[in-house]
Number of protein chains: 2
Amino acid sequence: MAKLSRNFGSVWVCFMIVSAVLSVGVDGLRSNLIRLATERGNGGGEDVGRKSIADPHLIVSLPGAPKFPFSMRSGYITVDEKAGRALFFWFVEADVQDPASAPLTLWLNGGPGCSSVGGGMLSELGPFYPTRDGAHLLPNAHAWNKVSNMLFLESPAGVGFSYSNTTTDYKTGDKRTAQDSYAFLLRFFEQYPLYSSSKFYISGESYAGHYVPQLADTILEGNKVGSNKKINLQGMLVGNAWTDANVDNFGAIFFWWTHALVSDSTFKGVVKNCNFSSVGPLRSEADDLCDKYVDIANNELGNINIYEIYADICVSAQAQAETRHFGKQLSRTRFGGLSTRPLMKDSYDPCVDDEVEVYLNRPEVQEALHANTTHLPWRWTDCSEIVDYSFDDLLSSVLPVYHNLLESNIKILVFSGDVDAIVPVTGTRTWLNLLPLNITEAWRPWTVDNQVGGYVTKYDKLTFSTVRGAGHMVPYTQPARALHLFQSFINNTPL
Amino acid sequence: MAKLSRNFGSVWVCFMIVSAVLSVGVDGLRSNLIRLATERGNGGGEDVGRKSIADPHLIVSLPGAPKFPFSMRSGYITVDEKAGRALFFWFVEADVQDPASAPLTLWLNGGPGCSSVGGGMLSELGPFYPTRDGAHLLPNAHAWNKVSNMLFLESPAGVGFSYSNTTTDYKTGDKRTAQDSYAFLLRFFEQYPLYSSSKFYISGESYAGHYVPQLADTILEGNKVGSNKKINLQGMLVGNAWTDANVDNFGAIFFWWTHALVSDSTFKGVVKNCNFSSVGPLRSEADDLCDKYVDIANNELGNINIYEIYADICVSAQAQAETRHFGKQLSRTRFGGLSTRPLMKDSYDPCVDDEVEVYLNRPEVQEALHANTTHLPWRWTDCSEIVDYSFDDLLSSVLPVYHNLLESNIKILVFSGDVDAIVPVTGTRTWLNLLPLNITEAWRPWTVDNQVGGYVTKYDKLTFSTVRGAGHMVPYTQPARALHLFQSFINNTPL
């Protein structure tokens with residue numbers, strides 16, 4: 001789902017609270033494209049998917065999945081004929097009477113190098129979740145296609161089923177990722193003109209904190225050039241977004257310390273010895289004092305789920321069996337066969353990544369999805385081991401891009417699951433303070449199902465919201481709250 | 001369960017992280033005592049409780065409860081004949097073959113003014129939990145009486161069923177609370193000599209951060225005086241312990257800010273304007289700037305469970321029904337009757353306090369418990385509205401008592417549920433740094449059921465441990481982790 005788990009560095013940080021004034025300062029802070037006119041308009045009604053067999057992207061059936069009352073399409077669109085770069089997508093129509101009237105939202109996972117199909121589509125906000133054996137799919141009551149048509153893209157080439165016939169393409173970075181994604185969109189809209197004028201949104205999380213604003217910027221620039229290539233971009237939303245290495249790295253160690261995950265001395269050691277602007281997130285690769293303290297910090301954290309610090313980690317089936325045995329012994333009572341009060345337990349599945357990997361490597365699934373048609377020399381994995389992504393780009397700040405976007409008319413939502421320790425809310429709040437924003441609506445709670453779903457602050461050109469009790473993968477850990485937030489943003493309804 | 005929800009104040013806080021050095025500075029009992037020799041030794045075996053009907057404290061049966069295979073006793077012990085002050089207790093024998101060989105642990109809830117019977121016994125670590133209708137009790141698989149005999153005391157007089165015939169006694173404070181509790185213990189051991197030489201521990205949470213160390217200190221002083229009054233005190237443990245107003249108040253607002261519950265400006269406003277050492281926790285009562293900012297902070301927090309920030313709050317049955325209806329509408333799918341993936345949900349009961357109150361006010365329950373024998377002019381409530389507790393004591397620091405205790409040979413465990421926002425881990429870590437302690441074992445995770453249960457640091461004379469994902473009432477929100485921690489401490493086994 002996310003690969004952000006790498007490096008710290010040293011930073012000049014002055015964090016002072018002195019009587020009257022508190023200041024937080026963090027320095028530096030296309031294709032084998034088959035043109036077909038077989039669009040929804042041709043099929044009509046709910047069963048368009050199964051009737052419109054002339055579209056080779058149409059998913060006629062999906063192994064282990066329940067019958068779905070909306071169309072889904074998936075397959076490849078080539079973005080560079082010469083190099084032979086083709087990106088894999090999965091398009092899920094909105095689960096509404098007239099999908100063409102609903103907006104269209106692109107979802108991008110991060111990494112860099114992680115799959116939006118494995119992440120967003122099959123474990124976070126898509127219409128299905130895999131079962132524990134990876135053999136079947138179950139409906140997700142809080143899928144985002146209840147509100148919008150959803151497009152999941154495996155990007156860049158080398159991620160998931162996406163590939164290039166030119167292997168040197170796997171050494172890549174932000175610029176080509178944005179350009180290829182833009183090329184993909186232009187060809188997608190060309191192929192599916194029914195959605196070419198839909199209100200369009202870009203969403204994503206984690207390293208998509210780079211992808212989303214950069215793609216938005218690329219689209220806005222592109223819209224200025226070719227009149228027949230305009231994309232109806234309305235807005236963007238990013239969650240737990242890796243934005244500025246200096247700020248986000250400090251935000252992480254600060255979160256670890258304030259959430260009682262590491263010792264005082266280790267916090268001090270990391271802050272003193274790491275140059276946060278020169279290393280990737282959460283692990284130092286240099287053999288220096290920073291590296292030493294980051295290693296200590298990681299040892300102190302222990303084997304927790306860094307993406308949701310209060311959730312269970314995925315443990316092996318054997319370990320689970322041992323736990324059940326141990327649990328049985330520990331909870332042995334002499335009350336006889338009486339049921340006892342249930343324990344608090346995460347009911348979401350901590351092993352979902354493994355199950356998605358099992359599911360997507362089944363040949364009949366790949367066939368149904370029109371995936372892996374060129375017989376790739378690798379198994380599908382959630383995060384690519386082939387993509388060699390630019391470290392310079394990883395360390396670059398996206399804040400200048402926000403300056404551009406804030407000059408445009410697109411809506412921006414920055415959200416943050418508040419129990420993520422990898423790109424935590426502490427960093428996000430800090431870089432928001434570095435942008436030219438004026439508060440128009442003060443911090444307040446918002447509710448869903450009679451419970452506080454998170455906190456929102458509105459600025460003149462941007463909305464920031466937390467999602468209470470959500471981890472790095474917000475729609476995975478808090479599906480109802482995430483859908484409520486998305487719906488509110490897309491429909492311009494009050495949170 | 002806990003009443004700590006009151007005031008802030010201004011403090012001189014200097015919190016600096018400058019390159020090399022980070023420093024955190026915060027300036028800033030005789031009775032209607034019926035002597036009976038009918039002890040466990042007389043009854044013998046598992047059914048001692050039901051056989052030993054000569055002990056008027058013996059609980060022969062308990063309405064709505066399953067048959068229990070250990071003895072329980074409850075009733076009054078007078079601590080001051082002249083004034084007519086009598087304290088109510090509930091004693092639960094260890095659920096082991098030979099309870100007399102197990103240690104004895106006193107549990108105290110806080111407030112000040114909250115009941116250990118309603119809190120510790122019936123909603124946290126006792127052998128039973130109430131059902132949602134307050135009519136029945138269910139077994140708790142992680143009750144602390146699997147490890148130790150447990151004694152729950154309603155203290156001071158005016159709390160729960162405890163009372164005084166001299167109503168001016170309800171104006172009280174730390175000194176008398178400790179003295180009355182000490183008098184109670186001497187008489188309890190006199191009445192139940194089978195346990196008078198047992199290894200004795202004192203435990204508690206919240207405002208018991210005052211009660212527990214002060215009682216320990218009183219016992220140690222008492223042991224020096226009367227040879228026939230020695231109590232075999234082995235150690236004490238306190239959780240989310242209100243210890244030093246100045247530190248704990250700053251710890252709270254710092255926790256609120258770092259856990260993304262309040263805005264930057266409100267955090268700054270509270271820190272700038274409140275004298276943390278002169279107001280009670282989390283609410284200012286003075287009409288000043290501190291009051292203003294604390295009010296803003298409370299509004300910003302919204303209606304969350306301040307004792308466990310990621311848990312659900314208790315909502316009315318009607319609101320719950322509306323939510324189910326709304327939830328049904330929101331999650332309406334067109335997948336037909338297929339089950340959908342369950343949502344993450346707290347399975348512990350957020351309304352437990354209400355249910356305990358229903359249960360303990362049933363006349364047949366009071367009769368079974370030998371409670372309310374004098375027909376008190378008030379309903380049993382979890383936290384007393386009669387006790388007028390010393391505000392000066394509330395604001396006093398208990399750190400000097402720790403200095404005394406660290407000179408003794410008793411074991412000390414300070415623990416903290418890490419998602420409590422009322423007496424949070426941030427404050428506890430800060431006041432520990434103010435004690436003369438040397439680290440002997442560095443911060444590390446400990447595990448239970450294959451998951452990190454918390455983090456532990458050992459000092460020469462004290463152990464500090466967090467409990468991961470636990471709120472203010474640690475054994476309520478994380479029962480398995482709490483029992484593991486308690487067992488480890490009592491048995492001297494590695495965490």
# chains A, B, ... in the order shown; residues from 1 in each chain; ligands from 1
>>> calpha_fit_rmsd(fixed="chain B", moving="chain A")
1.5 Å
>>> select_by_dssp(residues="stretch 96-270 of chain A", states="strand (DSSP E or B)", output="ChimeraX atom specification")
/A:104-108,114,128-130,137-139,149-154,163-164,171-172,200-205,233-239
>>> residues_around(residues="stretch 184-190 of chain B", least_positions_apart="4", cutoff="8 Å", atoms="only C-alpha atoms", output="list in words")
Leu29, Arg30, Ile77, Thr78, Val79, Leu87, Asp180, Leu194, Tyr195, Ser196, Lys229 and Ile231 of chain B
>>> select_by_dssp(residues="stretch 169-335 of chain A", states="alpha helix (DSSP H)", output="VMD selection string")
chain A and resid 174 to 191 208 to 225 245 to 258 264 to 273 289 to 301 317 to 330
>>> residues_around(residues="B:Ala86", least_positions_apart="5", cutoff="12 Å", atoms="only C-alpha atoms", output="ChimeraX atom specification")
/B:29-33,75-81,153-166,169,180-181,183-184,187,371-374
>>> closest_residue(among="B:Leu395, B:Val212, B:Val262, B:Val60", to="chain A", atoms="only C-alpha atoms")
B:Val262
>>> closest_residue(among="B:Pro445, B:Pro424, B:Pro479, B:Gly302", to="B:Gly251", atoms="only C-alpha atoms")
B:Pro424
>>> residues_around(residues="A:His259", least_positions_apart="4", cutoff="9 Å", atoms="only C-alpha atoms", output="list of chain:residue names")
A:Phe254, A:Phe255, B:Phe255, B:Thr258, B:His259, B:Asp418, B:Val419, B:Val425, B:Thr426
>>> write_last_selection(atoms="all heavy atoms", output="PDB file, in the first residue's frame")
ATOM      1  N   PHE A 254       8.576  13.634  15.790  1.00  0.00           N
ATOM      2  CA  PHE A 254       7.806  14.365  16.802  1.00  0.00           C
ATOM      3  C   PHE A 254       6.542  13.579  17.172  1.00  0.00           C
ATOM      4  O   PHE A 254       6.176  13.473  18.347  1.00  0.00           O
ATOM      5  CB  PHE A 254       7.451  15.765  16.260  1.00  0.00           C
ATOM      6  CG  PHE A 254       6.804  16.685  17.269  1.00  0.00           C
ATOM      7  CD1 PHE A 254       7.483  17.051  18.436  1.00  0.00           C
ATOM      8  CD2 PHE A 254       5.531  17.193  17.062  1.00  0.00           C
ATOM      9  CE1 PHE A 254       6.889  17.904  19.368  1.00  0.00           C
ATOM     10  CE2 PHE A 254       4.936  18.047  17.981  1.00  0.00           C
ATOM     11  CZ  PHE A 254       5.611  18.402  19.136  1.00  0.00           C
ATOM     12  N   PHE A 255       5.914  12.991  16.176  1.00  0.00           N
ATOM     13  CA  PHE A 255       4.729  12.154  16.419  1.00  0.00           C
ATOM     14  C   PHE A 255       5.106  10.929  17.247  1.00  0.00           C
ATOM     15  O   PHE A 255       4.418  10.570  18.205  1.00  0.00           O
ATOM     16  CB  PHE A 255       4.129  11.726  15.075  1.00  0.00           C
ATOM     17  CG  PHE A 255       2.804  11.017  15.156  1.00  0.00           C
ATOM     18  CD1 PHE A 255       1.614  11.723  15.043  1.00  0.00           C
ATOM     19  CD2 PHE A 255       2.743   9.639  15.321  1.00  0.00           C
ATOM     20  CE1 PHE A 255       0.377  11.068  15.096  1.00  0.00           C
ATOM     21  CE2 PHE A 255       1.514   8.977  15.370  1.00  0.00           C
ATOM     22  CZ  PHE A 255       0.342   9.696  15.261  1.00  0.00           C
TER      23      PHE A 255
ATOM     24  N   PHE B 255      -0.833  17.202  24.786  1.00  0.00           N
ATOM     25  CA  PHE B 255      -1.390  15.984  24.186  1.00  0.00           C
ATOM     26  C   PHE B 255      -2.501  16.348  23.188  1.00  0.00           C
ATOM     27  O   PHE B 255      -2.563  15.822  22.085  1.00  0.00           O
ATOM     28  CB  PHE B 255      -1.933  15.086  25.303  1.00  0.00           C
ATOM     29  CG  PHE B 255      -2.376  13.712  24.861  1.00  0.00           C
ATOM     30  CD1 PHE B 255      -1.506  12.631  24.897  1.00  0.00           C
ATOM     31  CD2 PHE B 255      -3.683  13.485  24.432  1.00  0.00           C
ATOM     32  CE1 PHE B 255      -1.923  11.353  24.506  1.00  0.00           C
ATOM     33  CE2 PHE B 255      -4.105  12.224  24.048  1.00  0.00           C
ATOM     34  CZ  PHE B 255      -3.220  11.151  24.080  1.00  0.00           C
ATOM     35  N   THR B 258      -0.771  17.844  20.040  1.00  0.00           N
ATOM     36  CA  THR B 258       0.020  16.880  19.264  1.00  0.00           C
ATOM     37  C   THR B 258      -0.827  15.735  18.728  1.00  0.00           C
ATOM     38  O   THR B 258      -0.418  15.038  17.798  1.00  0.00           O
ATOM     39  CB  THR B 258       1.179  16.297  20.095  1.00  0.00           C
ATOM     40  OG1 THR B 258       0.651  15.651  21.269  1.00  0.00           O
ATOM     41  CG2 THR B 258       2.147  17.388  20.515  1.00  0.00           C
ATOM     42  N   HIS B 259      -2.006  15.524  19.324  1.00  0.00           N
ATOM     43  CA  HIS B 259      -2.898  14.482  18.824  1.00  0.00           C
ATOM     44  C   HIS B 259      -3.988  15.057  17.927  1.00  0.00           C
ATOM     45  O   HIS B 259      -4.998  14.399  17.652  1.00  0.00           O
ATOM     46  CB  HIS B 259      -3.494  13.682  19.990  1.00  0.00           C
ATOM     47  CG  HIS B 259      -2.489  12.753  20.606  1.00  0.00           C
ATOM     48  ND1 HIS B 259      -1.358  13.208  21.252  1.00  0.00           N
ATOM     49  CD2 HIS B 259      -2.420  11.403  20.653  1.00  0.00           C
ATOM     50  CE1 HIS B 259      -0.649  12.171  21.664  1.00  0.00           C
ATOM     51  NE2 HIS B 259      -1.264  11.075  21.318  1.00  0.00           N
ATOM     52  N   ASP B 418      -2.068   5.120  26.604  1.00  0.00           N
ATOM     53  CA  ASP B 418      -1.507   6.190  25.772  1.00  0.00           C
ATOM     54  C   ASP B 418      -2.521   6.951  24.927  1.00  0.00           C
ATOM     55  O   ASP B 418      -2.120   7.833  24.167  1.00  0.00           O
ATOM     56  CB  ASP B 418      -0.365   5.655  24.908  1.00  0.00           C
ATOM     57  CG  ASP B 418      -0.778   4.494  24.019  1.00  0.00           C
ATOM     58  OD1 ASP B 418      -1.990   4.247  23.896  1.00  0.00           O
ATOM     59  OD2 ASP B 418       0.116   3.844  23.442  1.00  0.00           O
ATOM     60  N   VAL B 419      -3.810   6.643  25.030  1.00  0.00           N
ATOM     61  CA  VAL B 419      -4.807   7.424  24.297  1.00  0.00           C
ATOM     62  C   VAL B 419      -5.800   8.115  25.238  1.00  0.00           C
ATOM     63  O   VAL B 419      -6.922   8.425  24.854  1.00  0.00           O
ATOM     64  CB  VAL B 419      -5.535   6.591  23.210  1.00  0.00           C
ATOM     65  CG1 VAL B 419      -4.558   6.232  22.095  1.00  0.00           C
ATOM     66  CG2 VAL B 419      -6.159   5.330  23.775  1.00  0.00           C
ATOM     67  N   VAL B 425      -0.194  10.567  28.947  1.00  0.00           N
ATOM     68  CA  VAL B 425       1.177  10.071  29.055  1.00  0.00           C
ATOM     69  C   VAL B 425       2.209  11.189  28.923  1.00  0.00           C
ATOM     70  O   VAL B 425       3.301  11.105  29.495  1.00  0.00           O
ATOM     71  CB  VAL B 425       1.414   8.956  28.011  1.00  0.00           C
ATOM     72  CG1 VAL B 425       1.348   9.488  26.574  1.00  0.00           C
ATOM     73  CG2 VAL B 425       2.706   8.200  28.264  1.00  0.00           C
ATOM     74  N   THR B 426       1.879  12.227  28.208  1.00  0.00           N
ATOM     75  CA  THR B 426       2.815  13.348  28.049  1.00  0.00           C
ATOM     76  C   THR B 426       3.153  13.992  29.390  1.00  0.00           C
ATOM     77  O   THR B 426       4.302  14.324  29.647  1.00  0.00           O
ATOM     78  CB  THR B 426       2.214  14.398  27.095  1.00  0.00           C
ATOM     79  OG1 THR B 426       0.820  14.543  27.393  1.00  0.00           O
ATOM     80  CG2 THR B 426       2.360  13.963  25.642  1.00  0.00           C
TER      81      THR B 426
END
>>> closest_residue(among="A:Leu434, A:Ile59, A:Cys383, A:Ala480", to="chain B", atoms="only C-alpha atoms")
A:Ala480
>>> closest_residue(among="B:Trp257, B:Tyr402, B:Tyr310, B:Phe70", to="chain A", atoms="only C-alpha atoms")
B:Tyr310
>>> atom_distance(atom1="atom CA of B:Leu237", atom2="atom CA of B:Thr172")
24.0 Å
